[in-house]
>>> print(open('work-v2.txt').read())   # compact mmCIF, C-alpha atoms
# COMPACT_ATOMS: atom_id res chain seq x y z
CA MET U 1 0.00 0.00 0.00
CA ALA U 2 1.22 3.53 -0.76
CA ASP U 3 2.40 5.79 2.03
CA LYS U 4 -0.44 7.42 3.90
CA PRO U 5 -0.61 11.09 2.85
CA PHE U 6 -0.53 13.77 5.52
CA ALA U 7 -1.52 17.45 5.48
CA GLN U 8 -0.23 19.52 8.40
CA SER U 9 -3.00 22.09 7.93
CA CYS U 10 -5.62 19.41 8.68
CA GLU U 11 -3.76 18.46 11.81
CA ASN U 12 -3.59 22.10 12.91
CA ASN U 13 -7.27 22.96 12.51
CA LYS U 14 -9.16 19.69 13.06
CA GLN U 15 -9.92 20.18 16.77
CA VAL U 16 -11.24 23.75 16.48
CA ILE U 17 -13.40 22.80 13.48
CA LEU U 18 -14.73 19.75 15.37
CA GLU U 19 -15.82 21.99 18.26
CA GLN U 20 -17.97 24.01 15.86
CA LEU U 21 -19.38 20.96 14.04
CA GLU U 22 -20.47 19.55 17.41
CA LYS U 23 -22.57 22.68 17.97
CA LEU U 24 -23.91 22.95 14.42
CA ILE U 25 -24.90 19.32 13.76
CA LYS U 26 -26.61 17.58 16.65
CA LYS U 27 -29.12 15.34 14.85
CA PRO U 28 -28.51 12.30 12.63
CA THR U 29 -27.31 13.82 9.38
CA GLN U 30 -26.31 12.83 5.87
CA LEU U 31 -23.30 15.03 5.05
CA LEU U 32 -21.36 15.57 1.84
CA GLU U 33 -17.77 16.78 2.12
CA ILE U 34 -16.48 18.68 -0.93
CA GLY U 35 -12.75 18.35 -1.49
CA SER U 36 -11.81 15.66 1.03
CA GLY U 37 -8.11 15.97 0.12
CA THR U 38 -6.09 13.48 2.14
CA GLY U 39 -9.14 12.17 4.01
CA GLN U 40 -7.72 13.23 7.41
CA HIS U 41 -10.59 15.56 8.28
CA ALA U 42 -13.19 12.98 7.30
CA VAL U 43 -11.70 10.30 9.54
CA PHE U 44 -11.23 12.63 12.50
CA PHE U 45 -14.74 14.09 12.32
CA ALA U 46 -16.62 10.88 11.50
CA GLU U 47 -14.94 9.06 14.38
CA ARG U 48 -16.04 11.73 16.87
CA LEU U 49 -19.46 12.46 15.33
CA PRO U 50 -21.02 9.01 14.89
CA HIS U 51 -24.46 10.51 14.20
CA ILE U 52 -23.14 11.95 10.91
CA ASN U 53 -22.98 9.72 7.84
CA TRP U 54 -19.95 11.34 6.17
CA GLN U 55 -19.69 11.10 2.37
CA THR U 56 -16.24 12.02 1.08
CA SER U 57 -15.70 13.41 -2.41
CA ASP U 58 -12.94 14.85 -4.56
CA GLN U 59 -11.43 14.80 -8.01
CA ALA U 60 -10.11 11.43 -9.15
CA GLU U 61 -6.43 12.07 -8.42
CA HIS U 62 -7.16 12.39 -4.68
CA HIS U 63 -9.20 9.21 -4.27
CA SER U 64 -6.31 6.83 -3.59
CA ALA U 65 -5.10 9.02 -0.71
CA ILE U 66 -8.58 9.27 0.81
CA LYS U 67 -9.10 5.50 0.53
CA ILE U 68 -5.88 4.80 2.47
CA TRP U 69 -7.15 6.81 5.45
CA LEU U 70 -10.70 5.44 5.24
CA THR U 71 -9.62 1.81 4.87
CA GLU U 72 -7.44 2.08 7.96
CA ALA U 73 -10.19 3.79 9.99
CA GLU U 74 -12.93 1.20 9.24
CA LEU U 75 -15.78 3.52 10.28
CA GLU U 76 -19.32 2.51 9.39
CA ASN U 77 -20.45 6.13 9.08
CA LEU U 78 -17.65 7.10 6.67
CA GLN U 79 -18.13 6.49 2.94
CA PHE U 80 -15.50 6.01 0.24
CA PRO U 81 -15.14 9.05 -2.04
CA ILE U 82 -17.41 9.82 -4.93
CA LEU U 83 -16.04 11.62 -7.98
CA LEU U 84 -16.87 15.32 -7.75
CA ASP U 85 -15.55 18.10 -9.93
CA VAL U 86 -17.76 21.01 -8.88
CA SER U 87 -17.98 22.34 -12.46
CA GLU U 88 -19.22 19.01 -13.88
CA LYS U 89 -22.99 19.02 -13.38
CA SER U 90 -23.15 15.26 -13.97
CA HIS U 91 -20.85 14.65 -10.97
CA TRP U 92 -23.20 16.13 -8.39
CA PRO U 93 -25.03 13.35 -6.52
CA GLN U 94 -28.74 12.92 -7.05
CA GLN U 95 -29.52 12.45 -3.38
CA ARG U 96 -30.09 15.35 -0.99
CA TYR U 97 -28.01 16.04 2.11
CA GLN U 98 -28.83 17.76 5.37
CA ALA U 99 -25.32 19.27 5.45
CA VAL U 100 -22.39 20.00 3.15
CA PHE U 101 -18.91 20.68 4.53
CA THR U 102 -15.84 22.05 2.79
CA ALA U 103 -12.49 23.26 4.13
CA ASN U 104 -9.88 25.37 2.38
CA THR U 105 -11.31 24.96 -1.10
CA SER U 106 -12.69 28.29 -2.32
CA HIS U 107 -9.30 30.01 -2.44
CA ILE U 108 -7.73 27.29 -4.60
CA MET U 109 -10.68 27.23 -7.00
CA SER U 110 -11.23 29.81 -9.72
CA TRP U 111 -14.14 32.18 -9.17
CA PRO U 112 -16.27 30.35 -11.79
CA GLN U 113 -15.61 27.11 -9.87
CA VAL U 114 -16.68 28.78 -6.63
CA MET U 115 -19.89 29.83 -8.38
CA ASP U 116 -20.42 26.26 -9.59
CA MET U 117 -19.80 24.91 -6.08
CA PHE U 118 -22.43 27.18 -4.56
CA GLU U 119 -24.93 26.28 -7.29
CA GLY U 120 -24.31 22.56 -6.77
CA VAL U 121 -24.60 22.90 -2.99
CA SER U 122 -27.88 24.79 -3.29
CA GLN U 123 -29.30 21.91 -5.34
CA SER U 124 -27.87 19.18 -3.08
CA LEU U 125 -29.12 20.51 0.26
CA ASP U 126 -32.44 19.72 1.88
CA GLU U 127 -34.61 22.62 2.99
CA GLN U 128 -32.94 24.22 6.01
CA GLY U 129 -29.81 22.24 5.22
CA LEU U 130 -26.46 23.76 6.19
CA PHE U 131 -23.44 24.54 4.04
CA ILE U 132 -20.45 24.79 6.40
CA GLN U 133 -17.46 26.45 4.77
CA TYR U 134 -14.06 26.81 6.49
CA GLY U 135 -11.12 28.91 5.36
CA PRO U 136 -9.71 32.43 5.00
CA PHE U 137 -12.05 35.12 3.66
CA ASN U 138 -11.71 38.82 2.95
CA LYS U 139 -14.17 41.35 4.37
CA ASN U 140 -15.23 44.58 2.66
CA GLY U 141 -12.66 43.94 -0.03
CA GLN U 142 -9.82 43.92 2.52
CA PHE U 143 -7.54 41.24 3.92
CA THR U 144 -8.26 40.47 7.57
CA SER U 145 -4.55 40.11 8.38
CA GLU U 146 -1.09 40.69 6.94
CA SER U 147 -0.52 36.94 6.90
CA ASN U 148 -3.58 36.51 4.65
CA ALA U 149 -2.20 39.17 2.29
CA ARG U 150 1.05 37.17 2.09
CA PHE U 151 -0.94 33.96 1.60
CA GLU U 152 -2.80 35.59 -1.30
CA GLN U 153 0.52 36.40 -2.99
CA TRP U 154 1.67 32.81 -2.49
CA LEU U 155 -1.59 31.58 -4.07
CA LYS U 156 -1.21 33.90 -7.05
CA ASN U 157 2.32 32.60 -7.59
CA ARG U 158 0.89 29.07 -7.77
CA GLY U 159 -1.95 30.01 -10.09
CA GLU U 160 -3.49 33.30 -11.17
CA HIS U 161 -7.00 31.82 -10.80
CA MET U 162 -6.53 31.32 -7.04
CA GLY U 163 -7.30 33.87 -4.36
CA ILE U 164 -9.01 34.56 -1.04
CA ARG U 165 -12.70 35.24 -1.70
CA ASP U 166 -14.56 38.26 -0.37
CA LEU U 167 -17.48 37.67 1.98
CA ASP U 168 -19.68 40.31 0.31
CA GLU U 169 -19.23 38.61 -3.07
CA LEU U 170 -20.09 35.23 -1.57
CA ILE U 171 -23.21 36.63 0.09
CA LYS U 172 -24.35 38.10 -3.22
CA LEU U 173 -23.70 34.80 -4.99
CA ALA U 174 -25.42 32.72 -2.30
CA ASP U 175 -28.42 35.03 -2.11
CA GLY U 176 -29.22 34.39 -5.76
CA LEU U 177 -29.20 30.65 -5.07
CA GLY U 178 -31.41 30.65 -1.99
CA LEU U 179 -28.57 30.31 0.52
CA LYS U 180 -28.51 32.72 3.48
CA LEU U 181 -25.53 33.41 5.72
CA LYS U 182 -26.63 32.36 9.21
CA GLN U 183 -23.32 32.52 11.11
CA GLU U 184 -19.85 33.91 10.58
CA ILE U 185 -17.61 32.27 13.17
CA PRO U 186 -14.07 33.64 13.69
CA MET U 187 -11.48 30.86 13.91
CA PRO U 188 -7.77 30.73 14.80
CA ALA U 189 -5.10 31.70 12.25
CA ASN U 190 -7.31 34.37 10.63
CA ASN U 191 -9.85 31.87 9.32
CA PHE U 192 -13.65 31.72 9.54
CA ILE U 193 -16.43 29.19 9.43
CA LEU U 194 -19.30 30.45 7.32
CA VAL U 195 -22.63 28.73 7.91
CA TRP U 196 -25.12 29.06 5.06
CA GLU U 197 -28.69 27.76 5.24
CA ARG U 198 -30.89 26.76 2.32
>>> encode(input="work-v2.txt", output="C-alpha cells")
Amino acid sequence: MADKPFAQSCENNKQVILEQLEKLIKKPTQLLEIGSGTGQHAVFFAERLPHINWQTSDQAEHHSAIKIWLTEAELENLQFPILLDVSEKSHWPQQRYQAVFTANTSHIMSWPQVMDMFEGVSQSLDEQGLFIQYGPFNKNGQFTSESNARFEQWLKNRGEHMGIRDLDELIKLADGLGLKLKQEIPMPANNFILVWER
C-alpha cells in the first residue's frame, strides 16, 4: 500500500473545526464533504461524530489518498469518495443532504468554480440544510490580516485563478441561489467558518 498522505494544515485545525461541528450538527445527518483531500478531516470528524454519515468526495487524483485513510479507519459512518468536480454538473449526486462541509477549497478554486460549487450545494441541500465552509475570507474587499495578504501572494504565484474570496461577493452569490448566511464564526489563524442555510 502507498504511504499514507498527511496534510499539516488538517492536523492544525481539526480540533477547532470539530468543536464548531459539534454545535452545528446535533441530529442524525447525511453530510457531503467537498474536497476531502487526504481524508484526514473525514476520519477525524466521523470518528467523533457518529451521528453523521460522512460522504467524502474529490477529483479522481485524490481518491487513492482518501481511501488509504478510510480503509485504515474502518468507520461505518464514513463512505469512500465519490467523484466530484464542482464544475461538472453530472458529478453532483442525485440524493439530498442535510449538510455539506468544505475546508480550504474556495481560495484554490477559480471564481467560476466557486460559483459552480455554490450552485451545486444549493441543489444538493435539503430545505434548512447547512453549508459549512471553512477557510480564510476577505471582508469589505480587505484582507483580515497581513498573513492573509502574504498567503494571497503565495496563491497567485501558484496560479493566477486562485485567491481569497470576499465575503460580500459570496453573500451576493449565495443570495441568488437561496442560501442565506446564518453565522460567521471567527477561527484561529485568521480563518472563519461560514454557515449558510438553504
>>> atom_distance(input="work-v2.txt", atom1="CA of Asn190 (chain U)", atom2="CA of Thr144 (chain U)")
6.9 Å
>>> closest_residue(input="work-v2.txt", among="U:Pro81, U:Gly129, U:Gly37, U:Gly159", to="Thr102 (chain U)", atoms="only C-alpha atoms")
U:Gly37
>>> closest_residue(input="work-v2.txt", among="U:His107, U:His51, U:Arg198, U:Lys139", to="Pro28 (chain U)", atoms="only C-alpha atoms")
U:His51
>>> residues_near_point(input="work-v2.txt", point="(-27.9, 10.3, 10.0)", cutoff="9 Å", atoms="all atoms listed in the file", output="ChimeraX atom specification")
/U:27-31,50-54,77,98
>>> closest_residue(input="work-v2.txt", among="U:Ala149, U:Val16, U:Met117, U:Leu181", to="Glu33 (chain U)", atoms="all atoms listed in the file")
U:Met117
>>> atom_distance(input="work-v2.txt", atom1="CA of Phe44 (chain U)", atom2="CA of Leu32 (chain U)")
15.0 Å
